[in-house]
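K.L.:
Below you will find the structure I want to go over with you.
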Amino acid sequence: MGFQQSFKALSDPVRREILSLLRRGPMAAGDIAAHFEVSGATISHHLSVLRDAGLVLDDKQGKFIYYELNMSVVDEILEWISALKGDGRNEKNQ
């Protein structure tokens with residue numbers, strides 16, 4: 001999976017806030033929606049975008065869908081960003 005879809009998903013402030021909520025652990029879709037003043041359908045769309053980008057995982061348990069951060073994708077993005085910064089050495093001196 002390329003970064004393009006992940007970065008597009010991260011471009012929306014509501015989706016970034018959803019990811020911040022999920023740092024605490026898995027949450028049901030309804031509990032996520034309760035944090036926002038938009039329709040449940042809008043939150044469902046945002047969760048779908050995040051899932052399609054690989055940033056969240058979903059797990060259906062009975063009538064509820066629980067979402068959680070997909071840390072492997074988050075770690076992959078962080079590693080790439082960290083590589084852009086270099087390894088901390090002054091690369092001009094090499």
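Here's how to read the names in the structure tokens: chain A, B, ... by the order shown, residue numbers from 1 in each chain, ligand numbers from 1 in the order shown.
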Give me, as a PyMOL selection string, all polymer residues having an atom no more than 12 Å from Asn70 in chain A, counting only C-alpha atoms and skipping those fewer than 6 positions away in the same chain.
P.N.:
chain A and resi 6+19+22-23+25-26+50-59+76-77
K.L.:
Output N, CA and C atoms for every residue in that selection, as a PDB file, in the first residue's frame.
P.N.:
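Resulting contents of part-v6.pdb:
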ATOM      1  N   SER A   6      -2.772   7.030   2.369  1.00  0.00           N
ATOM      2  CA  SER A   6      -2.655   7.351   3.797  1.00  0.00           C
ATOM      3  C   SER A   6      -2.569   8.851   4.018  1.00  0.00           C
ATOM      4  N   LEU A  19      -8.205   9.511  14.685  1.00  0.00           N
ATOM      5  CA  LEU A  19      -6.978   8.773  15.004  1.00  0.00           C
ATOM      6  C   LEU A  19      -6.489   9.106  16.411  1.00  0.00           C
ATOM      7  N   LEU A  22      -8.444   7.180  18.880  1.00  0.00           N
ATOM      8  CA  LEU A  22      -8.107   5.759  18.877  1.00  0.00           C
ATOM      9  C   LEU A  22      -6.754   5.462  19.509  1.00  0.00           C
ATOM     10  N   ARG A  23      -5.971   6.495  19.807  1.00  0.00           N
ATOM     11  CA  ARG A  23      -4.707   6.264  20.533  1.00  0.00           C
ATOM     12  C   ARG A  23      -4.973   5.612  21.881  1.00  0.00           C
ATOM     13  N   GLY A  25      -7.175   3.385  22.515  1.00  0.00           N
ATOM     14  CA  GLY A  25      -7.574   1.988  22.366  1.00  0.00           C
ATOM     15  C   GLY A  25      -8.773   1.873  21.456  1.00  0.00           C
ATOM     16  N   PRO A  26      -9.214   0.644  21.189  1.00  0.00           N
ATOM     17  CA  PRO A  26     -10.343   0.423  20.287  1.00  0.00           C
ATOM     18  C   PRO A  26     -11.612   1.117  20.784  1.00  0.00           C
ATOM     19  N   LEU A  50     -10.351   5.988   6.410  1.00  0.00           N
ATOM     20  CA  LEU A  50      -9.218   5.584   7.253  1.00  0.00           C
ATOM     21  C   LEU A  50      -8.932   4.092   7.114  1.00  0.00           C
ATOM     22  N   ARG A  51      -9.995   3.290   7.062  1.00  0.00           N
ATOM     23  CA  ARG A  51      -9.823   1.843   6.901  1.00  0.00           C
ATOM     24  C   ARG A  51      -9.224   1.518   5.538  1.00  0.00           C
ATOM     25  N   ASP A  52      -9.751   2.148   4.486  1.00  0.00           N
ATOM     26  CA  ASP A  52      -9.235   1.890   3.131  1.00  0.00           C
ATOM     27  C   ASP A  52      -7.774   2.318   2.981  1.00  0.00           C
ATOM     28  N   ALA A  53      -7.364   3.315   3.758  1.00  0.00           N
ATOM     29  CA  ALA A  53      -5.974   3.776   3.732  1.00  0.00           C
ATOM     30  C   ALA A  53      -5.074   2.906   4.612  1.00  0.00           C
ATOM     31  N   GLY A  54      -5.677   1.962   5.326  1.00  0.00           N
ATOM     32  CA  GLY A  54      -4.897   1.075   6.180  1.00  0.00           C
ATOM     33  C   GLY A  54      -4.548   1.657   7.529  1.00  0.00           C
ATOM     34  N   LEU A  55      -5.082   2.829   7.854  1.00  0.00           N
ATOM     35  CA  LEU A  55      -4.725   3.482   9.117  1.00  0.00           C
ATOM     36  C   LEU A  55      -5.496   2.937  10.314  1.00  0.00           C
ATOM     37  N   VAL A  56      -6.660   2.350  10.069  1.00  0.00           N
ATOM     38  CA  VAL A  56      -7.425   1.730  11.149  1.00  0.00           C
ATOM     39  C   VAL A  56      -7.857   0.336  10.722  1.00  0.00           C
ATOM     40  N   LEU A  57      -8.078  -0.486  11.717  1.00  0.00           N
ATOM     41  CA  LEU A  57      -8.620  -1.827  11.528  1.00  0.00           C
ATOM     42  C   LEU A  57     -10.014  -1.843  12.124  1.00  0.00           C
ATOM     43  N   ASP A  58     -10.904  -2.636  11.543  1.00  0.00           N
ATOM     44  CA  ASP A  58     -12.241  -2.747  12.106  1.00  0.00           C
ATOM     45  C   ASP A  58     -12.521  -4.193  12.489  1.00  0.00           C
ATOM     46  N   ASP A  59     -13.337  -4.352  13.530  1.00  0.00           N
ATOM     47  CA  ASP A  59     -13.659  -5.670  14.056  1.00  0.00           C
ATOM     48  C   ASP A  59     -15.128  -5.662  14.440  1.00  0.00           C
ATOM     49  N   GLU A  76       5.139   2.521   9.778  1.00  0.00           N
ATOM     50  CA  GLU A  76       5.758   2.621   8.455  1.00  0.00           C
ATOM     51  C   GLU A  76       5.852   4.085   8.007  1.00  0.00           C
ATOM     52  N   ILE A  77       4.787   4.840   8.246  1.00  0.00           N
ATOM     53  CA  ILE A  77       4.783   6.265   7.887  1.00  0.00           C
ATOM     54  C   ILE A  77       5.815   7.016   8.722  1.00  0.00           C
TER      55      ILE A  77
END
K.L.:
Need the shell around range 34-39 of chain A: protein/DNA/RNA residues with any atom at most 10 Å away, counting only C-alpha atoms. Skip same-chain ones fewer than 4 positions apart. Format as a ChimeraX atom specification?
P.N.:
/A:14,17-18,21,29-30,43-45
K.L.:
Write the residues of the selection above to a file with all heavy atoms, as a PDB file, in the first residue's frame.
P.N.:
ATOM      1  N   VAL A  14     -11.004  16.008  10.737  1.00  0.00           N
ATOM      2  CA  VAL A  14     -11.883  15.083  11.462  1.00  0.00           C
ATOM      3  C   VAL A  14     -11.225  13.708  11.533  1.00  0.00           C
ATOM      4  O   VAL A  14     -11.221  13.064  12.592  1.00  0.00           O
ATOM      5  CB  VAL A  14     -13.279  15.001  10.799  1.00  0.00           C
ATOM      6  CG1 VAL A  14     -14.118  13.883  11.428  1.00  0.00           C
ATOM      7  CG2 VAL A  14     -14.007  16.334  10.900  1.00  0.00           C
ATOM      8  N   GLU A  17      -8.522  13.708  14.074  1.00  0.00           N
ATOM      9  CA  GLU A  17      -9.087  13.664  15.427  1.00  0.00           C
ATOM     10  C   GLU A  17      -9.554  12.250  15.771  1.00  0.00           C
ATOM     11  O   GLU A  17      -9.388  11.793  16.902  1.00  0.00           O
ATOM     12  CB  GLU A  17     -10.248  14.660  15.551  1.00  0.00           C
ATOM     13  CG  GLU A  17     -10.871  14.705  16.922  1.00  0.00           C
ATOM     14  CD  GLU A  17      -9.933  15.167  18.034  1.00  0.00           C
ATOM     15  OE1 GLU A  17      -8.961  15.896  17.746  1.00  0.00           O
ATOM     16  OE2 GLU A  17     -10.177  14.802  19.205  1.00  0.00           O
ATOM     17  N   ILE A  18     -10.129  11.554  14.797  1.00  0.00           N
ATOM     18  CA  ILE A  18     -10.523  10.156  15.029  1.00  0.00           C
ATOM     19  C   ILE A  18      -9.301   9.325  15.401  1.00  0.00           C
ATOM     20  O   ILE A  18      -9.337   8.535  16.352  1.00  0.00           O
ATOM     21  CB  ILE A  18     -11.233   9.565  13.793  1.00  0.00           C
ATOM     22  CG1 ILE A  18     -12.612  10.220  13.617  1.00  0.00           C
ATOM     23  CG2 ILE A  18     -11.357   8.045  13.906  1.00  0.00           C
ATOM     24  CD1 ILE A  18     -13.301   9.886  12.297  1.00  0.00           C
ATOM     25  N   LEU A  21      -8.360   9.955  18.942  1.00  0.00           N
ATOM     26  CA  LEU A  21      -9.246   9.236  19.867  1.00  0.00           C
ATOM     27  C   LEU A  21      -8.834   7.777  19.998  1.00  0.00           C
ATOM     28  O   LEU A  21      -8.863   7.205  21.092  1.00  0.00           O
ATOM     29  CB  LEU A  21     -10.699   9.306  19.383  1.00  0.00           C
ATOM     30  CG  LEU A  21     -11.418  10.628  19.492  1.00  0.00           C
ATOM     31  CD1 LEU A  21     -12.766  10.551  18.777  1.00  0.00           C
ATOM     32  CD2 LEU A  21     -11.616  11.016  20.951  1.00  0.00           C
ATOM     33  N   ALA A  29     -17.910   2.445  16.745  1.00  0.00           N
ATOM     34  CA  ALA A  29     -18.204   3.540  15.821  1.00  0.00           C
ATOM     35  C   ALA A  29     -19.118   4.578  16.464  1.00  0.00           C
ATOM     36  O   ALA A  29     -18.910   5.781  16.306  1.00  0.00           O
ATOM     37  CB  ALA A  29     -18.833   2.986  14.547  1.00  0.00           C
ATOM     38  N   GLY A  30     -20.120   4.140  17.214  1.00  0.00           N
ATOM     39  CA  GLY A  30     -21.042   5.070  17.870  1.00  0.00           C
ATOM     40  C   GLY A  30     -20.353   5.938  18.900  1.00  0.00           C
ATOM     41  O   GLY A  30     -20.690   7.122  19.065  1.00  0.00           O
ATOM     42  N   ILE A  43     -19.372  10.315   9.866  1.00  0.00           N
ATOM     43  CA  ILE A  43     -18.318   9.609  10.611  1.00  0.00           C
ATOM     44  C   ILE A  43     -18.053   8.257   9.966  1.00  0.00           C
ATOM     45  O   ILE A  43     -16.899   7.833   9.834  1.00  0.00           O
ATOM     46  CB  ILE A  43     -18.688   9.469  12.095  1.00  0.00           C
ATOM     47  CG1 ILE A  43     -18.732  10.845  12.766  1.00  0.00           C
ATOM     48  CG2 ILE A  43     -17.713   8.541  12.824  1.00  0.00           C
ATOM     49  CD1 ILE A  43     -17.428  11.624  12.705  1.00  0.00           C
ATOM     50  N   SER A  44     -19.110   7.588   9.533  1.00  0.00           N
ATOM     51  CA  SER A  44     -18.945   6.304   8.857  1.00  0.00           C
ATOM     52  C   SER A  44     -18.081   6.456   7.606  1.00  0.00           C
ATOM     53  O   SER A  44     -17.206   5.626   7.330  1.00  0.00           O
ATOM     54  CB  SER A  44     -20.315   5.732   8.495  1.00  0.00           C
ATOM     55  OG  SER A  44     -20.181   4.505   7.830  1.00  0.00           O
ATOM     56  N   HIS A  45     -18.309   7.535   6.863  1.00  0.00           N
ATOM     57  CA  HIS A  45     -17.491   7.798   5.673  1.00  0.00           C
ATOM     58  C   HIS A  45     -16.026   8.009   6.061  1.00  0.00           C
ATOM     59  O   HIS A  45     -15.121   7.434   5.436  1.00  0.00           O
ATOM     60  CB  HIS A  45     -18.020   9.027   4.924  1.00  0.00           C
ATOM     61  CG  HIS A  45     -17.082   9.518   3.874  1.00  0.00           C
ATOM     62  ND1 HIS A  45     -16.911   8.865   2.668  1.00  0.00           N
ATOM     63  CD2 HIS A  45     -16.231  10.577   3.859  1.00  0.00           C
ATOM     64  CE1 HIS A  45     -16.000   9.517   1.958  1.00  0.00           C
ATOM     65  NE2 HIS A  45     -15.576  10.555   2.652  1.00  0.00           N
TER      66      HIS A  45
END
K.L.:
Have a look at CA of Met27 in chain A and CA of Ile81 in chain A and let me know their distance in Å, one decimal.
P.N.:
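Taking CA of Met27 in chain A and CA of Ile81 in chain A, their separation equals 27.4 Å.
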K.L.:
Please determine, counting only C-alpha atoms, which residue among A:Leu84, A:Ala28, A:Leu10, A:Leu78 has the shortest atom-to-atom distance to His46 in chain A.
P.N.:
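Checking each candidate against His46 in chain A, we get A:Leu10 as the closest.
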K.L.:
Just how far from CA of Trp80 in chain A is CA of Arg16 in chain A, in Å to one decimal?
P.N.:
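Taking CA of Arg16 in chain A and CA of Trp80 in chain A, their separation equals 18.6 Å.
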K.L.:
Quick check, in Å to one decimal: how far apart do CA of Gly86 in chain A and CA of Asp12 in chain A lie?
P.N.:
27.5 Å
K.L.:
Mind checking DSSP for chain A and telling me the alpha helix (DSSP H) residues as a ChimeraX atom specification?
P.N.:
/A:3-10,13-22,29-33,40-52,71-85
K.L.:
Give the strand (DSSP E or B) residues of range 7-91 of chain A, as assigned by DSSP on the backbone, as a list in words.
P.N.:
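Checking each residue of range 7-91 of chain A, the strand (DSSP E or B) ones are Met27, Ala28, Val56, Leu57, Asp58, Asp59, Lys60, Gln61, Phe64, Ile65, Tyr66, Tyr67, Glu68 and Leu69 of chain A.
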K.L.:
Considering only C-alpha atoms, can you say which of A:Ala33, A:Ala9, A:Ser82, A:Arg24 comes closest to Leu69 in chain A?
P.N.:
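Smallest distance to Leu69 in chain A is found for A:Arg24.
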